[in-house]
file query_0.txt (compact mmCIF, C-alpha atoms and all ligand atoms)
# COMPACT_ATOMS: atom_id res chain seq x y z
CA MET A 1 0.00 0.00 0.00
CA THR A 2 2.80 2.41 0.99
CA ARG A 3 4.58 1.67 -2.30
CA ILE A 4 1.42 2.31 -4.34
CA LEU A 5 0.82 5.60 -2.51
CA GLY A 6 4.48 6.59 -3.00
CA LEU A 7 4.32 5.89 -6.71
CA THR A 8 0.99 7.74 -7.08
CA PHE A 9 2.52 10.72 -5.29
CA ALA A 10 5.55 10.62 -7.59
CA LEU A 11 3.34 10.48 -10.71
CA CYS A 12 1.29 13.48 -9.46
CA ALA A 13 4.49 15.40 -8.70
CA LEU A 14 5.64 14.76 -12.27
CA VAL A 15 2.38 16.00 -13.78
CA PHE A 16 2.44 19.21 -11.71
CA SER A 17 6.13 19.84 -12.34
CA ALA A 18 5.75 20.05 -16.14
CA THR A 19 7.22 23.34 -17.32
CA VAL A 20 7.03 25.25 -20.58
CA SER A 21 10.16 24.71 -22.65
CA ALA A 22 11.11 25.34 -26.25
CA ALA A 23 12.89 21.99 -26.54
CA GLU A 24 11.56 19.25 -28.80
CA TYR A 25 12.35 16.57 -26.18
CA GLU A 26 11.92 17.15 -22.46
CA TRP A 27 13.31 14.36 -20.36
CA LYS A 28 13.28 13.74 -16.64
CA PHE A 29 16.42 12.20 -15.14
CA ALA A 30 15.89 10.86 -11.58
CA LEU A 31 18.71 10.27 -9.11
CA GLU A 32 19.17 7.95 -6.13
CA GLU A 33 21.43 10.60 -4.56
CA ILE A 34 21.15 14.23 -3.44
CA ASP A 35 22.45 17.48 -5.02
CA GLY A 36 26.23 17.59 -5.35
CA SER A 37 26.58 13.76 -5.37
CA VAL A 38 28.36 11.67 -8.01
CA GLN A 39 25.06 10.84 -9.70
CA ASP A 40 24.11 14.53 -9.72
CA ARG A 41 27.44 15.48 -11.32
CA TYR A 42 27.02 12.74 -13.92
CA ALA A 43 23.46 13.82 -14.76
CA GLU A 44 24.48 17.51 -15.01
CA LYS A 45 27.28 16.63 -17.43
CA PHE A 46 25.06 14.28 -19.46
CA ALA A 47 22.35 16.96 -19.73
CA GLU A 48 24.88 19.60 -20.82
CA LEU A 49 26.36 17.25 -23.45
CA MET A 50 22.93 16.29 -24.80
CA LYS A 51 21.97 19.95 -25.14
CA GLU A 52 25.20 20.71 -27.01
CA LYS A 53 25.04 17.67 -29.29
CA THR A 54 21.39 18.21 -30.28
CA ASP A 55 21.52 22.03 -30.58
CA GLY A 56 19.09 22.33 -27.68
CA ARG A 57 16.52 19.82 -28.98
CA VAL A 58 16.91 17.74 -25.80
CA ASP A 59 16.32 19.43 -22.46
CA ILE A 60 16.91 17.30 -19.35
CA THR A 61 15.57 18.17 -15.88
CA ILE A 62 17.29 16.46 -12.96
CA TYR A 63 15.29 15.13 -9.99
CA PRO A 64 17.55 14.49 -6.96
CA TYR A 65 16.86 11.79 -4.35
CA GLY A 66 13.77 12.54 -2.32
CA SER A 67 11.77 14.22 -5.07
CA LEU A 68 10.37 11.11 -6.79
CA GLY A 69 10.91 8.18 -4.44
CA THR A 70 13.24 5.38 -3.42
CA SER A 71 15.55 3.57 -5.87
CA THR A 72 12.97 0.84 -6.45
CA GLN A 73 10.23 3.42 -7.11
CA LEU A 74 12.47 5.21 -9.65
CA THR A 75 12.93 1.91 -11.50
CA GLU A 76 9.14 1.44 -11.54
CA LEU A 77 8.70 4.96 -13.00
CA ILE A 78 11.09 4.02 -15.83
CA GLN A 79 9.26 0.74 -16.47
CA LYS A 80 5.97 2.69 -16.68
CA ARG A 81 7.59 5.28 -19.02
CA ALA A 82 6.65 8.06 -16.58
CA ILE A 83 10.26 9.35 -16.62
CA GLN A 84 12.93 8.99 -19.28
CA MET A 85 16.19 8.35 -17.40
CA ALA A 86 17.22 7.22 -13.94
CA PHE A 87 20.04 5.72 -11.94
CA ALA A 88 19.47 2.16 -10.73
CA SER A 89 22.09 0.75 -8.35
CA PRO A 90 22.56 -3.02 -8.50
CA GLY A 91 22.36 -3.02 -4.69
CA HIS A 92 18.66 -2.21 -5.07
CA LEU A 93 17.91 -3.33 -8.64
CA GLY A 94 18.90 -6.92 -7.78
CA SER A 95 15.42 -7.43 -6.34
CA ILE A 96 14.00 -6.85 -9.85
CA VAL A 97 16.88 -8.04 -12.11
CA PRO A 98 18.65 -10.86 -10.16
CA GLU A 99 21.49 -11.06 -12.71
CA VAL A 100 22.68 -7.50 -11.91
CA GLN A 101 23.78 -8.67 -8.47
CA VAL A 102 27.01 -9.81 -10.13
CA LEU A 103 28.04 -6.16 -9.60
CA THR A 104 27.69 -6.55 -5.82
CA ILE A 105 29.99 -9.58 -5.40
CA HIS A 106 32.88 -8.80 -3.04
CA PHE A 107 36.49 -9.13 -4.26
CA LEU A 108 35.43 -9.77 -7.87
CA PHE A 109 36.62 -6.52 -9.44
CA SER A 110 40.22 -5.44 -9.93
CA ASP A 111 42.09 -3.46 -7.29
CA ASP A 112 42.97 -1.11 -10.17
CA SER A 113 40.12 1.37 -10.77
CA ARG A 114 41.33 2.03 -14.34
CA VAL A 115 40.74 -1.65 -15.15
CA ASN A 116 37.25 -1.47 -13.63
CA LYS A 117 36.47 1.62 -15.69
CA GLU A 118 37.38 -0.20 -18.93
CA VAL A 119 35.30 -3.22 -17.94
CA LEU A 120 32.27 -1.12 -16.97
CA ALA A 121 32.47 0.79 -20.26
CA SER A 122 32.69 -2.15 -22.64
CA SER A 123 32.53 -5.66 -21.10
CA ASP A 124 30.83 -8.15 -23.46
CA ALA A 125 29.31 -9.93 -20.46
CA LEU A 126 27.77 -6.71 -19.13
CA TYR A 127 26.53 -5.22 -22.41
CA GLY A 128 25.51 -8.67 -23.77
CA PRO A 129 23.65 -11.03 -21.43
CA LEU A 130 23.33 -8.57 -18.53
CA ALA A 131 21.80 -5.90 -20.81
CA GLU A 132 19.40 -8.61 -22.07
CA ALA A 133 18.31 -9.27 -18.49
CA TYR A 134 17.50 -5.55 -18.14
CA THR A 135 15.45 -5.65 -21.37
CA ASP A 136 13.45 -8.63 -20.07
CA LYS A 137 12.35 -6.40 -17.17
CA ASN A 138 11.45 -3.48 -19.48
CA LEU A 139 14.63 -1.52 -18.77
CA LYS A 140 17.37 -0.41 -21.17
CA LEU A 141 20.91 -0.30 -19.85
CA ILE A 142 22.66 2.89 -21.02
CA SER A 143 25.80 2.82 -18.89
CA LEU A 144 27.55 1.52 -15.79
CA ILE A 145 29.69 3.84 -13.68
CA ASN A 146 31.98 3.45 -10.70
CA GLU A 147 31.27 5.92 -7.88
CA GLY A 148 34.24 4.95 -5.69
CA TRP A 149 35.24 2.20 -3.25
CA MET A 150 32.68 1.06 -0.71
CA VAL A 151 33.80 1.71 2.87
CA TRP A 152 32.48 0.05 6.04
CA THR A 153 31.51 2.42 8.84
CA ALA A 154 30.90 1.24 12.43
CA ASN A 155 31.71 2.14 16.01
CA LYS A 156 34.66 -0.24 15.94
CA PRO A 157 37.31 -1.16 13.37
CA LEU A 158 36.31 -4.12 11.14
CA THR A 159 39.68 -5.71 10.49
CA GLU A 160 38.80 -9.41 10.62
CA PRO A 161 35.64 -11.43 9.93
CA SER A 162 35.01 -12.04 13.66
CA ASP A 163 34.49 -8.27 14.04
CA PHE A 164 31.30 -8.78 12.01
CA ASP A 165 29.85 -11.35 14.46
CA GLY A 166 26.20 -10.35 14.96
CA LEU A 167 26.91 -6.82 13.65
CA LYS A 168 23.69 -5.20 12.37
CA ILE A 169 25.04 -3.77 9.14
CA ARG A 170 22.64 -1.89 6.90
CA THR A 171 22.74 -3.02 3.27
CA MET A 172 20.86 -2.04 0.14
CA VAL A 173 17.91 -4.35 -0.55
CA SER A 174 19.25 -6.86 -3.14
CA PRO A 175 19.13 -10.36 -1.62
CA LEU A 176 22.73 -11.32 -2.54
CA LEU A 177 24.04 -8.52 -0.29
CA LEU A 178 22.53 -10.35 2.68
CA LYS A 179 24.45 -13.49 1.68
CA ALA A 180 27.65 -11.44 1.34
CA TYR A 181 27.46 -10.14 4.91
CA GLU A 182 26.10 -13.38 6.38
CA ALA A 183 29.27 -15.00 5.01
CA TYR A 184 31.25 -12.74 7.39
CA GLY A 185 28.94 -13.64 10.32
CA ALA A 186 27.03 -10.33 10.32
CA ASN A 187 23.32 -9.71 10.77
CA PRO A 188 22.61 -7.67 7.57
CA THR A 189 19.62 -5.34 7.68
CA PRO A 190 18.31 -4.09 4.31
CA MET A 191 16.72 -0.63 4.23
CA ALA A 192 16.22 2.42 2.00
CA TYR A 193 19.01 5.00 1.77
CA SER A 194 16.84 7.69 3.37
CA GLU A 195 16.47 5.63 6.59
CA VAL A 196 20.17 4.97 7.23
CA TYR A 197 21.02 8.11 9.22
CA SER A 198 18.14 7.69 11.66
CA GLY A 199 18.84 3.94 11.87
CA LEU A 200 22.39 4.71 13.04
CA GLN A 201 21.17 7.43 15.38
CA LEU A 202 18.49 5.26 17.01
CA GLY A 203 20.69 2.17 17.12
CA THR A 204 18.45 -0.04 14.96
CA ILE A 205 21.63 -0.63 12.93
CA ASP A 206 25.27 -0.67 14.09
CA ALA A 207 27.04 -0.15 10.78
CA GLN A 208 26.58 0.66 7.10
CA VAL A 209 28.56 0.60 3.86
CA ASN A 210 28.86 3.29 1.17
CA PRO A 211 31.46 5.26 -0.81
CA VAL A 212 33.22 8.14 0.98
CA PHE A 213 31.36 10.96 -0.80
CA ALA A 214 28.03 9.51 0.38
CA ILE A 215 29.27 8.97 3.96
CA GLU A 216 30.06 12.69 4.05
CA GLU A 217 27.02 14.13 2.26
CA MET A 218 24.55 11.94 4.20
CA SER A 219 26.42 12.74 7.46
CA PHE A 220 26.77 9.03 8.35
CA TYR A 221 30.27 9.74 9.72
CA GLU A 222 28.69 11.84 12.49
CA GLN A 223 27.18 8.65 13.94
CA GLN A 224 30.17 6.34 13.41
CA ASP A 225 33.64 6.28 14.95
CA TYR A 226 35.50 4.21 12.33
CA MET A 227 35.74 3.96 8.55
CA THR A 228 37.34 0.71 7.38
CA PHE A 229 38.72 0.55 3.83
CA ALA A 230 38.78 -3.08 2.64
CA GLY A 231 38.74 -2.44 -1.13
CA HIS A 232 36.11 -5.20 -1.36
CA LEU A 233 33.80 -3.57 -3.91
CA PRO A 234 33.52 -0.44 -6.05
CA PHE A 235 30.08 1.18 -5.78
CA ILE A 236 28.62 0.68 -9.25
CA ALA A 237 25.47 2.35 -10.55
CA SER A 238 23.63 1.80 -13.80
CA VAL A 239 21.98 4.47 -15.93
CA VAL A 240 18.71 3.24 -17.41
CA THR A 241 15.90 4.26 -19.71
CA ASN A 242 12.73 2.61 -21.04
CA PRO A 243 13.35 0.34 -24.08
CA GLY A 244 10.13 1.36 -25.90
CA PHE A 245 10.90 5.05 -25.38
CA TYR A 246 14.48 4.55 -26.61
CA GLU A 247 13.48 2.58 -29.72
CA GLU A 248 11.12 5.37 -30.83
CA LEU A 249 13.90 7.98 -30.78
CA PRO A 250 15.38 9.08 -34.13
CA ASP A 251 18.88 7.82 -34.98
CA ASP A 252 20.58 11.19 -34.46
CA ILE A 253 19.26 11.41 -30.88
CA LYS A 254 20.35 7.81 -30.20
CA GLN A 255 23.80 8.73 -31.54
CA ALA A 256 23.91 11.78 -29.24
CA ILE A 257 23.06 9.52 -26.26
CA SER A 258 25.85 7.14 -27.17
CA GLU A 259 28.42 9.98 -27.45
CA ALA A 260 27.19 11.81 -24.34
CA ARG A 261 27.30 8.59 -22.34
CA ALA A 262 30.94 7.91 -23.32
CA GLU A 263 32.03 11.49 -22.52
CA ALA A 264 30.10 11.63 -19.23
CA ASP A 265 31.65 8.26 -18.23
CA ASP A 266 35.18 9.67 -18.75
CA TYR A 267 34.28 12.85 -16.88
CA ILE A 268 32.78 11.05 -13.87
CA PHE A 269 35.73 8.68 -13.53
CA ARG A 270 38.01 11.65 -12.72
CA GLU A 271 35.34 13.64 -10.90
CA GLN A 272 34.38 10.87 -8.45
CA GLN A 273 38.03 10.31 -7.51
CA GLU A 274 38.51 14.00 -6.74
CA LEU A 275 35.20 14.22 -4.87
CA ASN A 276 35.91 11.12 -2.75
CA ASP A 277 39.42 12.44 -1.90
CA LYS A 278 38.10 15.89 -1.04
CA ARG A 279 35.34 14.56 1.19
CA LEU A 280 37.68 12.16 3.00
CA ALA A 281 39.90 15.15 3.79
CA PHE A 282 36.81 16.98 5.09
CA ILE A 283 35.83 14.08 7.38
CA LYS A 284 39.41 13.86 8.73
CA GLU A 285 39.51 17.59 9.45
CA ASN A 286 36.01 17.91 10.91
CA SER A 287 35.53 14.78 13.00
CA ASP A 288 37.34 12.24 15.18
CA THR A 289 36.50 9.41 12.77
CA GLU A 290 39.38 6.92 12.67
CA ILE A 291 40.46 5.69 9.24
CA VAL A 292 41.48 2.02 9.02
CA GLN A 293 43.07 0.50 5.92
CA LEU A 294 43.14 -3.32 5.70
CA ASN A 295 46.43 -4.94 4.63
CA ASP A 296 46.71 -7.84 2.14
CA GLU A 297 46.60 -10.50 4.84
CA GLN A 298 43.45 -9.03 6.39
CA ARG A 299 41.77 -8.70 3.01
CA LYS A 300 42.60 -12.35 2.23
CA ALA A 301 40.52 -13.56 5.20
CA PHE A 302 37.45 -11.70 3.88
CA ARG A 303 38.11 -12.74 0.29
CA GLU A 304 38.11 -16.45 1.23
CA LEU A 305 34.74 -16.12 2.98
CA ALA A 306 33.34 -14.16 0.01
CA MET A 307 34.20 -16.81 -2.62
CA PRO A 308 31.18 -19.15 -1.98
CA VAL A 309 28.86 -16.16 -2.56
CA ARG A 310 29.67 -16.57 -6.29
CA GLU A 311 27.86 -19.96 -6.23
CA GLN A 312 24.92 -18.38 -4.38
CA TYR A 313 24.78 -15.76 -7.13
CA LYS A 314 24.58 -18.49 -9.76
CA GLU A 315 21.71 -20.13 -7.86
CA MET A 316 19.81 -16.81 -7.74
CA ALA A 317 20.58 -15.67 -11.29
CA GLY A 318 20.36 -19.01 -13.16
CA ASP A 319 22.14 -20.00 -16.37
CA ARG A 320 22.27 -16.47 -17.73
CA GLY A 321 23.74 -15.31 -14.42
CA ALA A 322 26.42 -18.02 -14.60
CA LYS A 323 27.31 -16.88 -18.12
CA ILE A 324 27.54 -13.25 -16.97
CA LEU A 325 29.74 -14.09 -13.97
CA ASP A 326 32.14 -16.32 -15.92
CA GLY A 327 32.29 -13.77 -18.77
CA LEU A 328 32.89 -10.88 -16.38
CA VAL A 329 35.74 -12.69 -14.61
CA LYS A 330 37.40 -13.19 -18.03
CA ASP A 331 36.75 -9.57 -19.08
CA ILE A 332 38.39 -8.33 -15.86
CA GLU A 333 41.42 -10.63 -16.35
CA GLN A 334 41.84 -9.48 -19.94
CA ALA A 335 41.57 -5.81 -18.98
CA GLU A 336 44.18 -6.35 -16.24
CA GLU A 337 46.56 -7.96 -18.75
CA ALA A 338 46.03 -5.13 -21.24
CA MET A 339 46.71 -2.54 -18.51
CA ALA A 340 49.94 -4.31 -17.51
CA GLU A 341 51.33 -4.17 -21.12
O1 LIG B 401 23.23 3.09 -0.03
C1 LIG B 401 22.39 3.38 -0.87
O2 LIG B 401 21.24 2.95 -0.84
C2 LIG B 401 22.75 4.40 -1.94
N1 LIG B 401 24.15 4.71 -1.93
C3 LIG B 401 24.64 5.46 -2.87
C4 LIG B 401 26.02 5.98 -2.78
N2 LIG B 401 23.96 5.76 -3.97
C5 LIG B 401 22.61 5.31 -4.24
C6 LIG B 401 22.17 4.18 -3.29
O3 LIG B 401 20.80 4.08 -3.24

call {"tool": "encode", "arguments": {"input": "query_0.txt", "output": "C-alpha cells"}}
result
Amino acid sequence: MTRILGLTFALCALVFSATVSAAEYEWKFALEEIDGSVQDRYAEKFAELMKEKTDGRVDITIYPYGSLGTSTQLTELIQKRAIQMAFASPGHLGSIVPEVQVLTIHFLFSDDSRVNKEVLASSDALYGPLAEAYTDKNLKLISLINEGWMVWTANKPLTEPSDFDGLKIRTMVSPLLLKAYEAYGANPTPMAYSEVYSGLQLGTIDAQVNPVFAIEEMSFYEQQDYMTFAGHLPFIASVVTNPGFYEELPDDIKQAISEARAEADDYIFREQQELNDKRLAFIKENSDTEIVQLNDEQRKAFRELAMPVREQYKEMAGDRGAKILDGLVKDIEQAEEAMAE
C-alpha cells in the first residue's frame, strides 16, 4: 500500500512539475542521490552534453533523491515510461533483475580502478547477457559507472571477519548482499538509503557501507567512529531508460546519447576520484573518525569467505547469471593484462 501511494505521489508530482520549454524533447532524469553527489554530477554533465550535441533539442531536468521516491520506485517509473532516465544501483535493482547482483559480489573486481572503468564501459558480459536481463524487465541499460570504493563504517574497526559477528550492518535491498554479509557472520539489515542516518542514530543498525562521498554528504560519519577501507567492492550504478521510449527515438538522438554517455563516463571517472578524496579530507579535518586500511593478509581472510557467494549468485541468477559471472571474470582478467602491457 505504501509503495502504491508513494508511486501515485511521484506520478502526481511529475504531472504538476511540467514546465514550458522550447525543446523538442523534455526528459526527466531521476537520481538515487542528493544534489552535489556523483550521480548529480554525472546527470548535469550528461544533460549539458545532450543539449550541445542536439543544438538544444533535448532538455533534461534532474530530480535528486527525495523528489520522486526510493531507488525501487524510480525503477518502476522508468518501467511505466513516466520518466525517461534514472540511476538504478545493483544493490537495489537486484530485487527486480537478479542477474545484476554480479556487480555486488565482493572481491570480484580489480584493485585497479582504471581496469574497472574499462570493464564497466565495454565488457561483453555486461553489455551482452546482462543488458538482455535488463530488457526482459522493461529496462534499457545505457551505462555503468563506478562511484568509488565502498567503505564500512561502524563504532569499531572491522579488520577481521570475527568483528562482524552479529553486527547489524545496513545493506541495500538486493538479496545477494545479505548473503555477502552473512558469510562474514554479520546480521545484515536491508533498508532504503533515506532511513540509514536515523537507523544509526536510534541504534536499529550498528554499521553501514557506502562510498566516501556519500558517507560525508549523508552525514553518516557523524554517527560512526570508524571507517574501514577493505577495497572489497567499487560502488557501481547503472543508468537506465525505457526500451520502448528509446526505440522510438530518431537515430541522431540515439547517436547523441551514445556519445554523451561515453564522454560523461570519462568525466565522472576523474570527478568521483577528486570528490571522494576531497570529502575524506573533510571528514578527517572535521571529526574524530578513525580511518582504518586493511592490509593484504586481512583482506585475504574476507576474500576467502566471500568466494562461496559466487555460487549463491549463480543459484539466484540461473544459467544467464552463470554466463555473466564467468564472462565478467574473463573480461576483468583481460583488462588487467592489457593494462599491464
Ligand atoms: O546506499 C544506498 O542505498 C545508496 N548509496 C549510494 C552511494 N547511492 C545510491 C544508493 O541508493

call {"tool": "atom_distance", "arguments": {"input": "query_0.txt", "atom1": "atom CA of Ala154 of chain A", "atom2": "atom CA of Asp112 of chain A"}}
result
25.7 Å

call {"tool": "atom_distance", "arguments": {"input": "query_0.txt", "atom1": "atom CA of Glu147 of chain A", "atom2": "atom CA of Ser258 of chain A"}}
result
20.1 Å

call {"tool": "closest_residue", "arguments": {"input": "query_0.txt", "among": "A:Val38, A:Val240, A:Met227, A:Leu167", "to": "ligand LIG 401 (chain B)", "atoms": "only C-alpha atoms and all ligand atoms"}}
result
A:Val38

call {"tool": "residues_near_ligand", "arguments": {"input": "query_0.txt", "ligand": "ligand LIG 401 (chain B)", "cutoff": "9 Å", "atoms": "all atoms listed in the file", "output": "ChimeraX atom specification"}}
result
/A:31-34,37-39,65,70-71,87-92,147-148,150,170-173,191-194,196,208-215,235-237

call {"tool": "closest_residue", "arguments": {"input": "query_0.txt", "among": "A:Glu285, A:Asp55, A:Ile62, A:Met316", "to": "Lys28 of chain A", "atoms": "all atoms listed in the file"}}
result
A:Ile62

call {"tool": "closest_residue", "arguments": {"input": "query_0.txt", "among": "A:Gly244, A:Gly66, A:Gly203, A:Gly56", "to": "Asn155 of chain A", "atoms": "all atoms listed in the file"}}
result
A:Gly203

call {"tool": "atom_distance", "arguments": {"input": "query_0.txt", "atom1": "atom CA of Ile332 of chain A", "atom2": "atom CA of Tyr42 of chain A"}}
result
24.0 Å

call {"tool": "residues_around", "arguments": {"input": "query_0.txt", "residues": "Asn146 of chain A", "least_positions_apart": "6", "cutoff": "12 Å", "atoms": "all atoms listed in the file", "output": "mmCIF file with C-alpha atoms, in the frame of the given file"}}
result
data_model
loop_
_atom_site.group_PDB
_atom_site.id
_atom_site.type_symbol
_atom_site.label_atom_id
_atom_site.label_comp_id
_atom_site.auth_asym_id
_atom_site.auth_seq_id
_atom_site.Cartn_x
_atom_site.Cartn_y
_atom_site.Cartn_z
ATOM 1 C CA VAL A 38 28.360 11.670 -8.010
ATOM 2 C CA GLN A 39 25.060 10.840 -9.700
ATOM 3 C CA TYR A 42 27.020 12.740 -13.920
ATOM 4 C CA SER A 89 22.090 0.750 -8.350
ATOM 5 C CA PRO A 90 22.560 -3.020 -8.500
ATOM 6 C CA LEU A 103 28.040 -6.160 -9.600
ATOM 7 C CA THR A 104 27.690 -6.550 -5.820
ATOM 8 C CA PHE A 109 36.620 -6.520 -9.440
ATOM 9 C CA ASP A 112 42.970 -1.110 -10.170
ATOM 10 C CA SER A 113 40.120 1.370 -10.770
ATOM 11 C CA ARG A 114 41.330 2.030 -14.340
ATOM 12 C CA VAL A 115 40.740 -1.650 -15.150
ATOM 13 C CA ASN A 116 37.250 -1.470 -13.630
ATOM 14 C CA LYS A 117 36.470 1.620 -15.690
ATOM 15 C CA GLU A 118 37.380 -0.200 -18.930
ATOM 16 C CA VAL A 119 35.300 -3.220 -17.940
ATOM 17 C CA LEU A 120 32.270 -1.120 -16.970
ATOM 18 C CA ALA A 121 32.470 0.790 -20.260
ATOM 19 C CA PRO A 211 31.460 5.260 -0.810
ATOM 20 C CA LEU A 233 33.800 -3.570 -3.910
ATOM 21 C CA PRO A 234 33.520 -0.440 -6.050
ATOM 22 C CA PHE A 235 30.080 1.180 -5.780
ATOM 23 C CA ILE A 236 28.620 0.680 -9.250
ATOM 24 C CA ALA A 237 25.470 2.350 -10.550
ATOM 25 C CA SER A 238 23.630 1.800 -13.800
ATOM 26 C CA VAL A 239 21.980 4.470 -15.930
ATOM 27 C CA ALA A 264 30.100 11.630 -19.230
ATOM 28 C CA ASP A 265 31.650 8.260 -18.230
ATOM 29 C CA ASP A 266 35.180 9.670 -18.750
ATOM 30 C CA TYR A 267 34.280 12.850 -16.880
ATOM 31 C CA ILE A 268 32.780 11.050 -13.870
ATOM 32 C CA PHE A 269 35.730 8.680 -13.530
ATOM 33 C CA ARG A 270 38.010 11.650 -12.720
ATOM 34 C CA GLU A 271 35.340 13.640 -10.900
ATOM 35 C CA GLN A 272 34.380 10.870 -8.450
ATOM 36 C CA GLN A 273 38.030 10.310 -7.510
ATOM 37 C CA ASN A 276 35.910 11.120 -2.750
#

call {"tool": "closest_residue", "arguments": {"input": "query_0.txt", "among": "A:Leu328, A:Val151, A:Ile169, A:Ala86", "to": "Gly185 of chain A", "atoms": "only C-alpha atoms"}}
result
A:Ile169

call {"tool": "closest_residue", "arguments": {"input": "query_0.txt", "among": "A:Ala125, A:Leu158, A:Ala30, A:Ile96", "to": "Phe302 of chain A", "atoms": "all atoms listed in the file"}}
result
A:Leu158

call {"tool": "closest_residue", "arguments": {"input": "query_0.txt", "among": "A:Gln312, A:Ser162, A:Thr61, A:Thr241", "to": "Thr75 of chain A", "atoms": "all atoms listed in the file"}}
result
A:Thr241
